[in-house]
$ cat structure-v9.pdb   # PDB, C-alpha atoms
ATOM      1  CA  MET A 644     -10.522 -18.876   5.418  1.00  0.00           C
ATOM      2  CA  GLY A 645     -12.182 -17.512   8.540  1.00  0.00           C
ATOM      3  CA  LYS A 646     -15.841 -16.683   9.028  1.00  0.00           C
ATOM      4  CA  LEU A 647     -15.329 -12.917   8.906  1.00  0.00           C
ATOM      5  CA  HIS A 648     -13.200 -13.240   5.786  1.00  0.00           C
ATOM      6  CA  ARG A 649     -15.972 -15.197   4.044  1.00  0.00           C
ATOM      7  CA  LYS A 650     -18.566 -12.663   5.093  1.00  0.00           C
ATOM      8  CA  VAL A 651     -16.500  -9.707   3.877  1.00  0.00           C
ATOM      9  CA  MET A 652     -16.120 -11.336   0.469  1.00  0.00           C
ATOM     10  CA  ARG A 653     -19.819 -12.165   0.304  1.00  0.00           C
ATOM     11  CA  VAL A 654     -20.766  -8.564   1.132  1.00  0.00           C
ATOM     12  CA  LEU A 655     -18.350  -7.141  -1.425  1.00  0.00           C
ATOM     13  CA  ARG A 656     -19.417  -9.517  -4.203  1.00  0.00           C
ATOM     14  CA  GLN A 657     -23.056  -8.666  -3.585  1.00  0.00           C
ATOM     15  CA  ARG A 658     -22.177  -4.987  -3.967  1.00  0.00           C
ATOM     16  CA  PHE A 659     -19.509  -4.986  -6.678  1.00  0.00           C
ATOM     17  CA  GLY A 660     -20.048  -8.231  -8.599  1.00  0.00           C
ATOM     18  CA  GLU A 661     -16.733  -9.710  -9.681  1.00  0.00           C
ATOM     19  CA  VAL A 662     -14.248  -9.347  -6.798  1.00  0.00           C
ATOM     20  CA  ARG A 663     -10.931 -11.177  -6.453  1.00  0.00           C
ATOM     21  CA  ASP A 664      -9.883 -12.054  -2.948  1.00  0.00           C
ATOM     22  CA  ALA A 665      -6.450 -10.905  -1.755  1.00  0.00           C
ATOM     23  CA  LEU A 666      -7.397 -10.670   1.910  1.00  0.00           C
ATOM     24  CA  GLU A 667      -5.488 -12.319   4.707  1.00  0.00           C
ATOM     25  CA  ASP A 668      -6.623 -13.728   8.033  1.00  0.00           C
ATOM     26  CA  VAL A 669      -4.286 -12.662  10.826  1.00  0.00           C
ATOM     27  CA  LYS A 670      -4.473 -15.465  13.341  1.00  0.00           C
ATOM     28  CA  ALA A 671      -2.882 -13.502  16.178  1.00  0.00           C
ATOM     29  CA  THR A 672      -5.527 -10.767  16.159  1.00  0.00           C
ATOM     30  CA  GLY A 673      -8.459 -12.346  14.314  1.00  0.00           C
ATOM     31  CA  ARG A 674      -8.348  -9.508  11.830  1.00  0.00           C
ATOM     32  CA  VAL A 675      -8.981  -9.542   8.122  1.00  0.00           C
ATOM     33  CA  LEU A 676      -7.032  -7.146   5.929  1.00  0.00           C
ATOM     34  CA  GLY A 677      -5.242  -6.902   2.610  1.00  0.00           C
ATOM     35  CA  ALA A 678      -6.723  -6.080  -0.781  1.00  0.00           C
ATOM     36  CA  VAL A 679      -9.685  -6.760  -3.007  1.00  0.00           C
ATOM     37  CA  ILE A 680      -9.521  -6.507  -6.776  1.00  0.00           C
ATOM     38  CA  SER A 681     -12.463  -5.581  -8.950  1.00  0.00           C
ATOM     39  CA  PRO A 682     -13.215  -3.971 -12.311  1.00  0.00           C
ATOM     40  CA  ALA A 683     -15.812  -1.977 -10.392  1.00  0.00           C
ATOM     41  CA  PHE A 684     -12.902   0.220  -9.231  1.00  0.00           C
ATOM     42  CA  ASN A 685     -11.728   1.019 -12.768  1.00  0.00           C
ATOM     43  CA  ARG A 686     -11.381   4.757 -13.355  1.00  0.00           C
ATOM     44  CA  LEU A 687     -12.338   5.658  -9.796  1.00  0.00           C
ATOM     45  CA  ASP A 688      -9.913   7.696  -7.727  1.00  0.00           C
ATOM     46  CA  PHE A 689      -8.728   6.232  -4.417  1.00  0.00           C
ATOM     47  CA  ASP A 690     -11.019   8.399  -2.349  1.00  0.00           C
ATOM     48  CA  GLU A 691     -14.080   7.182  -4.248  1.00  0.00           C
ATOM     49  CA  ARG A 692     -12.999   3.539  -4.114  1.00  0.00           C
ATOM     50  CA  GLN A 693     -12.557   3.710  -0.361  1.00  0.00           C
ATOM     51  CA  ARG A 694     -15.819   5.569   0.085  1.00  0.00           C
ATOM     52  CA  ARG A 695     -17.713   2.811  -1.750  1.00  0.00           C
ATOM     53  CA  LEU A 696     -15.810   0.023  -0.002  1.00  0.00           C
ATOM     54  CA  SER A 697     -16.382   1.554   3.399  1.00  0.00           C
ATOM     55  CA  LYS A 698     -20.106   2.038   2.707  1.00  0.00           C
ATOM     56  CA  ALA A 699     -20.520  -1.581   1.622  1.00  0.00           C
ATOM     57  CA  LEU A 700     -18.755  -2.904   4.715  1.00  0.00           C
ATOM     58  CA  LYS A 701     -20.617  -0.572   7.045  1.00  0.00           C
ATOM     59  CA  GLU A 702     -23.958  -1.725   5.651  1.00  0.00           C
ATOM     60  CA  GLY A 703     -23.055  -5.415   5.450  1.00  0.00           C
ATOM     61  CA  LEU A 704     -21.178  -6.055   8.694  1.00  0.00           C
ATOM     62  CA  THR A 705     -21.979  -5.572  12.342  1.00  0.00           C
ATOM     63  CA  PRO A 706     -19.986  -2.847  14.152  1.00  0.00           C
ATOM     64  CA  GLU A 707     -17.953  -5.548  15.926  1.00  0.00           C
ATOM     65  CA  GLU A 708     -17.138  -7.248  12.644  1.00  0.00           C
ATOM     66  CA  GLU A 709     -16.248  -3.943  11.040  1.00  0.00           C
ATOM     67  CA  GLU A 710     -13.876  -3.248  13.930  1.00  0.00           C
ATOM     68  CA  ASN A 711     -12.023  -6.449  13.072  1.00  0.00           C
ATOM     69  CA  VAL A 712     -11.494  -5.457   9.464  1.00  0.00           C
ATOM     70  CA  GLY A 713      -8.112  -3.812   8.958  1.00  0.00           C
ATOM     71  CA  PRO A 714      -6.956  -1.657   6.056  1.00  0.00           C
ATOM     72  CA  ILE A 715      -8.194  -2.970   2.704  1.00  0.00           C
ATOM     73  CA  ALA A 716      -6.765  -1.631  -0.532  1.00  0.00           C
ATOM     74  CA  ALA A 717      -9.249  -1.476  -3.398  1.00  0.00           C
ATOM     75  CA  LEU A 718      -7.382  -2.327  -6.590  1.00  0.00           C
ATOM     76  CA  THR A 719      -8.230  -2.677 -10.252  1.00  0.00           C
ATOM     77  CA  PRO A 720      -7.259  -5.833 -12.173  1.00  0.00           C
ATOM     78  CA  ALA A 721      -4.639  -3.865 -14.134  1.00  0.00           C
ATOM     79  CA  GLU A 722      -2.980  -2.629 -10.951  1.00  0.00           C
ATOM     80  CA  VAL A 723      -2.427  -6.202  -9.890  1.00  0.00           C
ATOM     81  CA  ASP A 724      -1.799  -7.942 -13.198  1.00  0.00           C
ATOM     82  CA  VAL A 725       0.581  -5.447 -14.834  1.00  0.00           C
ATOM     83  CA  LYS A 726       4.062  -6.071 -13.445  1.00  0.00           C
ATOM     84  CA  ALA A 727       7.126  -3.871 -13.768  1.00  0.00           C
ATOM     85  CA  MET A 728       9.356  -6.888 -14.327  1.00  0.00           C
TER      86      MET A 728
ATOM     87  CA  MET B1385      20.998 -12.485  11.520  1.00  0.00           C
ATOM     88  CA  ALA B1386      21.622 -10.436   8.389  1.00  0.00           C
ATOM     89  CA  LEU B1387      22.053  -6.737   9.111  1.00  0.00           C
ATOM     90  CA  SER B1388      19.204  -5.950   6.724  1.00  0.00           C
ATOM     91  CA  HIS B1389      16.888  -8.055   8.888  1.00  0.00           C
ATOM     92  CA  LYS B1390      17.538  -5.970  12.003  1.00  0.00           C
ATOM     93  CA  PRO B1391      14.674  -3.603  12.857  1.00  0.00           C
ATOM     94  CA  GLN B1392      16.904  -0.665  13.804  1.00  0.00           C
ATOM     95  CA  VAL B1393      18.873  -0.954  10.557  1.00  0.00           C
ATOM     96  CA  LEU B1394      15.656  -1.130   8.521  1.00  0.00           C
ATOM     97  CA  TYR B1395      14.170   1.847  10.363  1.00  0.00           C
ATOM     98  CA  VAL B1396      17.154   4.097   9.641  1.00  0.00           C
ATOM     99  CA  ALA B1397      17.251   2.817   6.055  1.00  0.00           C
ATOM    100  CA  SER B1398      13.602   3.761   5.626  1.00  0.00           C
ATOM    101  CA  VAL B1399      14.322   7.339   6.714  1.00  0.00           C
ATOM    102  CA  GLU B1400      17.317   7.537   4.386  1.00  0.00           C
ATOM    103  CA  ARG B1401      15.368   6.091   1.447  1.00  0.00           C
ATOM    104  CA  MET B1402      12.552   8.625   1.907  1.00  0.00           C
ATOM    105  CA  ALA B1403      15.064  11.499   1.885  1.00  0.00           C
ATOM    106  CA  ALA B1404      16.634  10.009  -1.245  1.00  0.00           C
ATOM    107  CA  ALA B1405      13.214   9.697  -2.904  1.00  0.00           C
ATOM    108  CA  ARG B1406      12.709  13.451  -2.452  1.00  0.00           C
ATOM    109  CA  ARG B1407      16.171  14.230  -3.804  1.00  0.00           C
ATOM    110  CA  GLU B1408      15.602  12.076  -6.879  1.00  0.00           C
ATOM    111  CA  PHE B1409      12.229  13.717  -7.475  1.00  0.00           C
ATOM    112  CA  GLU B1410      13.820  17.158  -7.365  1.00  0.00           C
ATOM    113  CA  ALA B1411      16.517  15.857  -9.741  1.00  0.00           C
ATOM    114  CA  LYS B1412      13.719  14.638 -12.086  1.00  0.00           C
ATOM    115  CA  ASP B1413      14.817  11.006 -11.869  1.00  0.00           C
ATOM    116  CA  TYR B1414      11.223   9.865 -11.526  1.00  0.00           C
ATOM    117  CA  PRO B1415      11.686   6.087 -11.870  1.00  0.00           C
ATOM    118  CA  MET B1416      14.221   6.145  -9.046  1.00  0.00           C
ATOM    119  CA  SER B1417      12.088   8.472  -6.938  1.00  0.00           C
ATOM    120  CA  MET B1418       9.099   6.149  -7.305  1.00  0.00           C
ATOM    121  CA  TYR B1419      11.147   3.087  -6.485  1.00  0.00           C
ATOM    122  CA  LEU B1420      12.663   4.711  -3.386  1.00  0.00           C
ATOM    123  CA  SER B1421       9.296   6.026  -2.177  1.00  0.00           C
ATOM    124  CA  GLY B1422       7.855   2.537  -2.002  1.00  0.00           C
ATOM    125  CA  LEU B1423      11.079   1.037  -0.727  1.00  0.00           C
ATOM    126  CA  SER B1424      11.017   3.484   2.169  1.00  0.00           C
ATOM    127  CA  VAL B1425       7.546   2.246   3.129  1.00  0.00           C
ATOM    128  CA  GLU B1426       8.619  -1.364   2.757  1.00  0.00           C
ATOM    129  CA  CYS B1427      11.644  -0.826   5.020  1.00  0.00           C
ATOM    130  CA  MET B1428       9.461   0.852   7.628  1.00  0.00           C
ATOM    131  CA  LEU B1429       6.866  -1.930   7.605  1.00  0.00           C
ATOM    132  CA  GLN B1430       9.596  -4.556   7.830  1.00  0.00           C
ATOM    133  CA  ALA B1431      11.259  -2.754  10.743  1.00  0.00           C
ATOM    134  CA  ILE B1432       8.014  -2.573  12.695  1.00  0.00           C
ATOM    135  CA  ALA B1433       6.873  -6.096  11.791  1.00  0.00           C
ATOM    136  CA  LEU B1434      10.196  -7.704  12.712  1.00  0.00           C
ATOM    137  CA  ARG B1435      10.289  -5.835  15.989  1.00  0.00           C
ATOM    138  CA  ASN B1436       6.741  -7.090  16.538  1.00  0.00           C
ATOM    139  CA  GLY B1437       8.037 -10.642  16.321  1.00  0.00           C
ATOM    140  CA  ALA B1438       7.431 -11.430  12.656  1.00  0.00           C
ATOM    141  CA  ARG B1439       9.820 -13.577  10.693  1.00  0.00           C
ATOM    142  CA  HIS B1440      11.571 -12.125   7.670  1.00  0.00           C
ATOM    143  CA  ASP B1441      10.606 -13.267   4.228  1.00  0.00           C
ATOM    144  CA  ALA B1442      11.968 -12.294   0.842  1.00  0.00           C
ATOM    145  CA  ARG B1443       8.708 -11.162  -0.744  1.00  0.00           C
ATOM    146  CA  HIS B1444       8.257  -7.490  -1.558  1.00  0.00           C
ATOM    147  CA  ASN B1445       4.580  -7.487  -0.685  1.00  0.00           C
ATOM    148  CA  LEU B1446       3.485  -4.389   1.215  1.00  0.00           C
ATOM    149  CA  LEU B1447       0.088  -5.901   2.045  1.00  0.00           C
ATOM    150  CA  ASN B1448       1.736  -8.922   3.597  1.00  0.00           C
ATOM    151  CA  TRP B1449       4.128  -6.822   5.649  1.00  0.00           C
ATOM    152  CA  LEU B1450       1.320  -4.613   6.981  1.00  0.00           C
ATOM    153  CA  SER B1451      -0.538  -7.727   8.110  1.00  0.00           C
ATOM    154  CA  LYS B1452       2.484  -8.547  10.287  1.00  0.00           C
ATOM    155  CA  CYS B1453       2.483  -5.111  11.910  1.00  0.00           C
ATOM    156  CA  PRO B1454       0.646  -4.309  15.150  1.00  0.00           C
ATOM    157  CA  THR B1455      -2.888  -2.950  15.070  1.00  0.00           C
ATOM    158  CA  SER B1456      -1.473   0.314  16.425  1.00  0.00           C
ATOM    159  CA  LEU B1457      -0.140   0.915  12.910  1.00  0.00           C
ATOM    160  CA  GLN B1458      -2.988  -0.723  10.991  1.00  0.00           C
ATOM    161  CA  ASP B1459      -5.675   1.365  12.702  1.00  0.00           C
ATOM    162  CA  PRO B1460      -4.402   4.834  11.744  1.00  0.00           C
ATOM    163  CA  ILE B1461      -3.762   3.626   8.208  1.00  0.00           C
ATOM    164  CA  LYS B1462      -7.324   2.340   7.987  1.00  0.00           C
ATOM    165  CA  GLY B1463      -8.815   5.396   9.616  1.00  0.00           C
ATOM    166  CA  GLU B1464      -6.860   8.402   8.429  1.00  0.00           C
ATOM    167  CA  ILE B1465      -4.655   7.665   5.458  1.00  0.00           C
ATOM    168  CA  ILE B1466      -6.376   4.789   3.719  1.00  0.00           C
ATOM    169  CA  ASP B1467      -6.337   6.669   0.387  1.00  0.00           C
ATOM    170  CA  ASP B1468      -2.577   7.122   0.660  1.00  0.00           C
ATOM    171  CA  TRP B1469      -2.097   3.467   1.560  1.00  0.00           C
ATOM    172  CA  ASN B1470      -4.288   2.423  -1.367  1.00  0.00           C
ATOM    173  CA  ARG B1471      -2.255   4.609  -3.745  1.00  0.00           C
ATOM    174  CA  VAL B1472       1.096   3.219  -2.559  1.00  0.00           C
ATOM    175  CA  VAL B1473      -0.121  -0.379  -2.941  1.00  0.00           C
ATOM    176  CA  ALA B1474      -1.589   0.324  -6.377  1.00  0.00           C
ATOM    177  CA  LEU B1475       1.345   2.299  -7.815  1.00  0.00           C
ATOM    178  CA  TRP B1476       4.467   0.710  -6.370  1.00  0.00           C
ATOM    179  CA  ASP B1477       6.173  -2.389  -7.657  1.00  0.00           C
ATOM    180  CA  ASN B1478       9.592  -3.578  -6.579  1.00  0.00           C
ATOM    181  CA  GLY B1479      10.476  -3.973 -10.247  1.00  0.00           C
ATOM    182  CA  ILE B1480      10.234  -0.221 -10.943  1.00  0.00           C
ATOM    183  CA  ARG B1481      13.967  -0.030 -10.351  1.00  0.00           C
ATOM    184  CA  TYR B1482      14.491  -1.898 -13.607  1.00  0.00           C
ATOM    185  CA  LEU B1483      12.452   0.544 -15.692  1.00  0.00           C
ATOM    186  CA  SER B1484      13.723   3.253 -17.998  1.00  0.00           C
ATOM    187  CA  THR B1485      11.686   6.459 -18.127  1.00  0.00           C
ATOM    188  CA  ASP B1486       9.877   5.170 -21.226  1.00  0.00           C
ATOM    189  CA  GLY B1487       9.374   1.839 -19.502  1.00  0.00           C
ATOM    190  CA  LEU B1488       7.871   3.612 -16.520  1.00  0.00           C
ATOM    191  CA  LEU B1489       5.470   5.455 -18.801  1.00  0.00           C
ATOM    192  CA  GLY B1490       4.314   2.145 -20.284  1.00  0.00           C
ATOM    193  CA  TYR B1491       3.910   0.677 -16.814  1.00  0.00           C
ATOM    194  CA  LEU B1492       1.790   3.642 -15.690  1.00  0.00           C
ATOM    195  CA  ARG B1493      -0.342   3.540 -18.822  1.00  0.00           C
ATOM    196  CA  ASP B1494      -0.916  -0.209 -18.561  1.00  0.00           C
ATOM    197  CA  ARG B1495      -1.924   0.111 -14.910  1.00  0.00           C
ATOM    198  CA  GLY B1496      -4.366   2.875 -15.778  1.00  0.00           C
ATOM    199  CA  PHE B1497      -2.544   5.794 -14.185  1.00  0.00           C
ATOM    200  CA  ALA B1498      -2.347   7.910 -17.321  1.00  0.00           C
ATOM    201  CA  PHE B1499      -6.110   8.308 -17.360  1.00  0.00           C
ATOM    202  CA  GLY B1500      -7.202  11.862 -16.657  1.00  0.00           C
ATOM    203  CA  VAL B1501      -3.684  13.307 -16.588  1.00  0.00           C
ATOM    204  CA  SER B1502      -3.280  16.106 -19.114  1.00  0.00           C
ATOM    205  CA  GLY B1503      -0.020  17.396 -20.519  1.00  0.00           C
ATOM    206  CA  GLY B1504       1.651  14.465 -22.231  1.00  0.00           C
ATOM    207  CA  ARG B1505       4.157  11.816 -21.195  1.00  0.00           C
ATOM    208  CA  ALA B1506       6.314  13.996 -18.948  1.00  0.00           C
ATOM    209  CA  SER B1507       3.247  15.111 -17.058  1.00  0.00           C
ATOM    210  CA  VAL B1508       1.969  11.542 -16.584  1.00  0.00           C
ATOM    211  CA  ILE B1509       5.273  10.463 -15.097  1.00  0.00           C
ATOM    212  CA  ARG B1510       5.800  13.531 -12.925  1.00  0.00           C
ATOM    213  CA  THR B1511       2.207  13.544 -11.637  1.00  0.00           C
ATOM    214  CA  ASN B1512       2.346   9.911 -10.601  1.00  0.00           C
ATOM    215  CA  ALA B1513       5.830  10.201  -9.102  1.00  0.00           C
ATOM    216  CA  LYS B1514       4.666  13.148  -7.006  1.00  0.00           C
ATOM    217  CA  ALA B1515       1.495  11.364  -5.915  1.00  0.00           C
ATOM    218  CA  LEU B1516       3.421   8.271  -4.876  1.00  0.00           C
ATOM    219  CA  LEU B1517       6.043  10.330  -3.051  1.00  0.00           C
ATOM    220  CA  GLU B1518       3.445  12.239  -1.050  1.00  0.00           C
ATOM    221  CA  SER B1519       1.378   9.154  -0.220  1.00  0.00           C
ATOM    222  CA  ALA B1520       4.446   7.138   0.740  1.00  0.00           C
ATOM    223  CA  TYR B1521       5.501  10.034   2.938  1.00  0.00           C
ATOM    224  CA  ALA B1522       2.125  10.015   4.713  1.00  0.00           C
ATOM    225  CA  VAL B1523       2.386   6.271   5.407  1.00  0.00           C
ATOM    226  CA  HIS B1524       6.029   6.612   6.388  1.00  0.00           C
ATOM    227  CA  LEU B1525       5.190   9.333   8.907  1.00  0.00           C
ATOM    228  CA  ARG B1526       2.732   6.992  10.640  1.00  0.00           C
ATOM    229  CA  GLY B1527       5.474   4.442  10.923  1.00  0.00           C
ATOM    230  CA  ILE B1528       7.871   6.971  12.381  1.00  0.00           C
ATOM    231  CA  ALA B1529       5.255   8.084  14.910  1.00  0.00           C
ATOM    232  CA  LEU B1530       4.716   4.501  16.060  1.00  0.00           C
ATOM    233  CA  TRP B1531       8.425   3.737  16.146  1.00  0.00           C
ATOM    234  CA  VAL B1532       9.271   6.853  18.160  1.00  0.00           C
ATOM    235  CA  SER B1533       6.399   6.413  20.609  1.00  0.00           C
ATOM    236  CA  SER B1534       7.232   2.781  21.234  1.00  0.00           C
ATOM    237  CA  THR B1535      10.952   3.345  21.690  1.00  0.00           C
ATOM    238  CA  GLY B1536      10.464   6.415  23.869  1.00  0.00           C
ATOM    239  CA  LYS B1537      12.861   8.490  21.781  1.00  0.00           C
TER     240      LYS B1537
END

$ encode --input "structure-v9.pdb" --output "C-alpha cells"
Amino acid sequence: MGKLHRKVMRVLRQRFGEVRDALEDVKATGRVLGAVISPAFNRLDFDERQRRLSKALKEGLTPEEEENVGPIAALTPAEVDVKAM
Amino acid sequence: MALSHKPQVLYVASVERMAAARREFEAKDYPMSMYLSGLSVECMLQAIALRNGARHDARHNLLNWLSKCPTSLQDPIKGEIIDDWNRVVALWDNGIRYLSTDGLLGYLRDRGFAFGVSGGRASVIRTNAKALLESAYAVHLRGIALWVSSTGK
C-alpha cells in the first residue's frame, strides 16, 4: 500500500469512522482510486455521499495529493456484501 | 487472441449493449435492462483498458477495469459524472442476469435501493432500472468521447 493510499484511508477513517478499504494503487500513474465502504453512507444519495467524501479529501490532503486521487465510489456495506448470485 | 478480448470488438459490443438496454427497458424487461446497462459500461472500460495496454482478466469488476484505463477517462468521471459512476458501481452486479423480476426486487431491497421509493414493487424495480440506465449511459458517453477522439473518427 502506497503512502497516498494510507493517507487517504487515515483521512476517511478520521471523518467517517468505520471504513473498509477497496482502493487500488495504480503503479503506472501513482494514482489511488477505487471504492470505500462505510455505514456512514447508509441512506445517503450518491450526490450527498460524494459531497461528503470530496469535502473530507479536500480538507485532509494537499492539492497535489488530491490531484492524484482518481474516482472513488462511496458504497454502503450492503451494496458490497449483497450479491446477485 | 479471443475475439471478445479485442478492443474494437468490445467497443462495438458496448454500443450494441447500450441500445439493447434501452429496448429492454421500453419492453419492461427490467432485469435484462439493468444487466445490459452495466454490461455496456464493462465492455467500454475493457475496450479502452485493453487498448491502453492492459491484460484481460475474467473478473467482472468495474472498479478494477477503470483503474486500468487512462487518466483521460478517469478524470472526467471523477470531475463531472462521479454520482453516475457511483450509482453504476453500487447497483450493477454481473449476476443480475440470473435474477427473476422477484429476485431482482429482493436484490434491490437487500442492497438498500427500495428505501425512499414510493409506489410498491413495480415502482422500486422501474425506478432503479431507469436510474441505472441513465447513469450507465452517462458513463458510456464518456467512453465513446474518449474512443472517438483517440481514434480520430

$ resolve_selection --input "structure-v9.pdb" --expression "the ChimeraX specification (/A :<6) & /B" --output "ChimeraX atom specification"
/B:1447,1462,1467,1470,1474,1479-1480,1495

$ write_last_selection --input "structure-v9.pdb" --atoms "C-alpha atoms" --output "CSV table (one decimal), keeping the file's coordinate frame"
chain,number,residue,atom,x,y,z
B,1447,LEU,CA,0.1,-5.9,2.0
B,1462,LYS,CA,-7.3,2.3,8.0
B,1467,ASP,CA,-6.3,6.7,0.4
B,1470,ASN,CA,-4.3,2.4,-1.4
B,1474,ALA,CA,-1.6,0.3,-6.4
B,1479,GLY,CA,10.5,-4.0,-10.2
B,1480,ILE,CA,10.2,-0.2,-10.9
B,1495,ARG,CA,-1.9,0.1,-14.9

$ closest_residue --input "structure-v9.pdb" --among "B:His1444, B:Arg1481, B:Arg1526, B:Arg1401" --to "Ser1421 in chain B" --atoms "only C-alpha atoms"
B:Arg1401

$ resolve_selection --input "structure-v9.pdb" --expression "the PyMOL selection byres ((chain B and resi 1430) around 8)" --output "PDB file with C-alpha atoms, keeping the file's coordinate frame"
ATOM      1  CA  PRO B1391      14.674  -3.603  12.857  1.00  0.00           C
ATOM      2  CA  LEU B1394      15.656  -1.130   8.521  1.00  0.00           C
ATOM      3  CA  GLU B1426       8.619  -1.364   2.757  1.00  0.00           C
ATOM      4  CA  CYS B1427      11.644  -0.826   5.020  1.00  0.00           C
ATOM      5  CA  MET B1428       9.461   0.852   7.628  1.00  0.00           C
ATOM      6  CA  LEU B1429       6.866  -1.930   7.605  1.00  0.00           C
ATOM      7  CA  ALA B1431      11.259  -2.754  10.743  1.00  0.00           C
ATOM      8  CA  ILE B1432       8.014  -2.573  12.695  1.00  0.00           C
ATOM      9  CA  ALA B1433       6.873  -6.096  11.791  1.00  0.00           C
ATOM     10  CA  LEU B1434      10.196  -7.704  12.712  1.00  0.00           C
ATOM     11  CA  HIS B1440      11.571 -12.125   7.670  1.00  0.00           C
ATOM     12  CA  TRP B1449       4.128  -6.822   5.649  1.00  0.00           C
TER      13      TRP B1449
END

$ residues_around --input "structure-v9.pdb" --residues "Val1532 in chain B" --least-positions-apart "4" --cutoff "12 Å" --atoms "all atoms listed in the file" --output "PyMOL selection string"
chain B and resi 1392+1395-1396+1432+1525-1528+1536-1537

$ residues_around --input "structure-v9.pdb" --residues "range 1497-1504 of chain B" --least-positions-apart "6" --cutoff "9 Å" --atoms "only C-alpha atoms" --output "ChimeraX atom specification"
/A:686 /B:1475,1489,1491,1511-1512

$ closest_residue --input "structure-v9.pdb" --among "A:Leu696, A:Ser681, A:Val662, A:Arg649" --to "Ile1466 in chain B" --atoms "all atoms listed in the file"
A:Leu696

$ axis_aligned_box --input "structure-v9.pdb" --around "range 1413-1422 of chain B" --padding-each-side "6 Å" --output "lines of an AutoDock Vina configuration file"
center_x = 11.3
center_y = 6.8
center_z = -6.9
size_x = 19.0
size_y = 20.5
size_z = 21.9

$ closest_residue --input "structure-v9.pdb" --among "B:His1389, B:Arg1493, B:Lys1452, B:Arg1505" --to "Lys670 in chain A" --atoms "all atoms listed in the file"
B:Lys1452

$ closest_residue --input "structure-v9.pdb" --among "B:Met1402, B:Leu1446, B:Val1523, B:Ile1461" --to "Met1418 in chain B" --atoms "all atoms listed in the file"
B:Met1402

$ resolve_selection --input "structure-v9.pdb" --expression "the PyMOL selection byres ((chain A and resi 661) around 8)" --output "list in words"
Arg656, Phe659, Gly660, Val662, Arg663, Ser681, Pro682 and Ala683 of chain A

$ residues_around --input "structure-v9.pdb" --residues "Arg1406 in chain B" --least-positions-apart "3" --cutoff "8 Å" --atoms "all atoms listed in the file" --output "list in words"
Met1402, Ala1403, Phe1409, Glu1410, Ser1417 and Leu1517 of chain B

$ build_atoms --input "structure-v9.pdb" --residues "range 1480-1491 of chain B" --atoms "N, CA and C atoms" --output "PDB file, in the frame of the given file"
ATOM      1  N   ILE B1480      10.092  -1.551 -10.338  1.00  0.00           N
ATOM      2  CA  ILE B1480      10.234  -0.221 -10.943  1.00  0.00           C
ATOM      3  C   ILE B1480      11.706   0.142 -11.113  1.00  0.00           C
ATOM      4  N   ARG B1481      12.548  -0.385 -10.265  1.00  0.00           N
ATOM      5  CA  ARG B1481      13.967  -0.030 -10.351  1.00  0.00           C
ATOM      6  C   ARG B1481      14.607  -0.504 -11.656  1.00  0.00           C
ATOM      7  N   TYR B1482      13.951  -1.413 -12.337  1.00  0.00           N
ATOM      8  CA  TYR B1482      14.491  -1.898 -13.607  1.00  0.00           C
ATOM      9  C   TYR B1482      13.989  -1.093 -14.808  1.00  0.00           C
ATOM     10  N   LEU B1483      13.099  -0.140 -14.571  1.00  0.00           N
ATOM     11  CA  LEU B1483      12.452   0.544 -15.692  1.00  0.00           C
ATOM     12  C   LEU B1483      13.195   1.810 -16.118  1.00  0.00           C
ATOM     13  N   SER B1484      13.295   1.970 -17.439  1.00  0.00           N
ATOM     14  CA  SER B1484      13.723   3.253 -17.998  1.00  0.00           C
ATOM     15  C   SER B1484      12.553   4.234 -17.846  1.00  0.00           C
ATOM     16  N   THR B1485      12.778   5.484 -18.192  1.00  0.00           N
ATOM     17  CA  THR B1485      11.686   6.459 -18.127  1.00  0.00           C
ATOM     18  C   THR B1485      10.550   6.059 -19.077  1.00  0.00           C
ATOM     19  N   ASP B1486      10.912   5.628 -20.292  1.00  0.00           N
ATOM     20  CA  ASP B1486       9.877   5.170 -21.226  1.00  0.00           C
ATOM     21  C   ASP B1486       9.179   3.906 -20.703  1.00  0.00           C
ATOM     22  N   GLY B1487       9.956   3.044 -20.091  1.00  0.00           N
ATOM     23  CA  GLY B1487       9.374   1.839 -19.502  1.00  0.00           C
ATOM     24  C   GLY B1487       8.401   2.179 -18.383  1.00  0.00           C
ATOM     25  N   LEU B1488       8.761   3.176 -17.599  1.00  0.00           N
ATOM     26  CA  LEU B1488       7.871   3.612 -16.520  1.00  0.00           C
ATOM     27  C   LEU B1488       6.569   4.169 -17.090  1.00  0.00           C
ATOM     28  N   LEU B1489       6.679   4.910 -18.171  1.00  0.00           N
ATOM     29  CA  LEU B1489       5.470   5.455 -18.801  1.00  0.00           C
ATOM     30  C   LEU B1489       4.546   4.318 -19.251  1.00  0.00           C
ATOM     31  N   GLY B1490       5.126   3.286 -19.855  1.00  0.00           N
ATOM     32  CA  GLY B1490       4.314   2.145 -20.284  1.00  0.00           C
ATOM     33  C   GLY B1490       3.667   1.438 -19.104  1.00  0.00           C
ATOM     34  N   TYR B1491       4.427   1.291 -18.042  1.00  0.00           N
ATOM     35  CA  TYR B1491       3.910   0.677 -16.814  1.00  0.00           C
ATOM     36  C   TYR B1491       2.719   1.473 -16.271  1.00  0.00           C
TER      37      TYR B1491
END
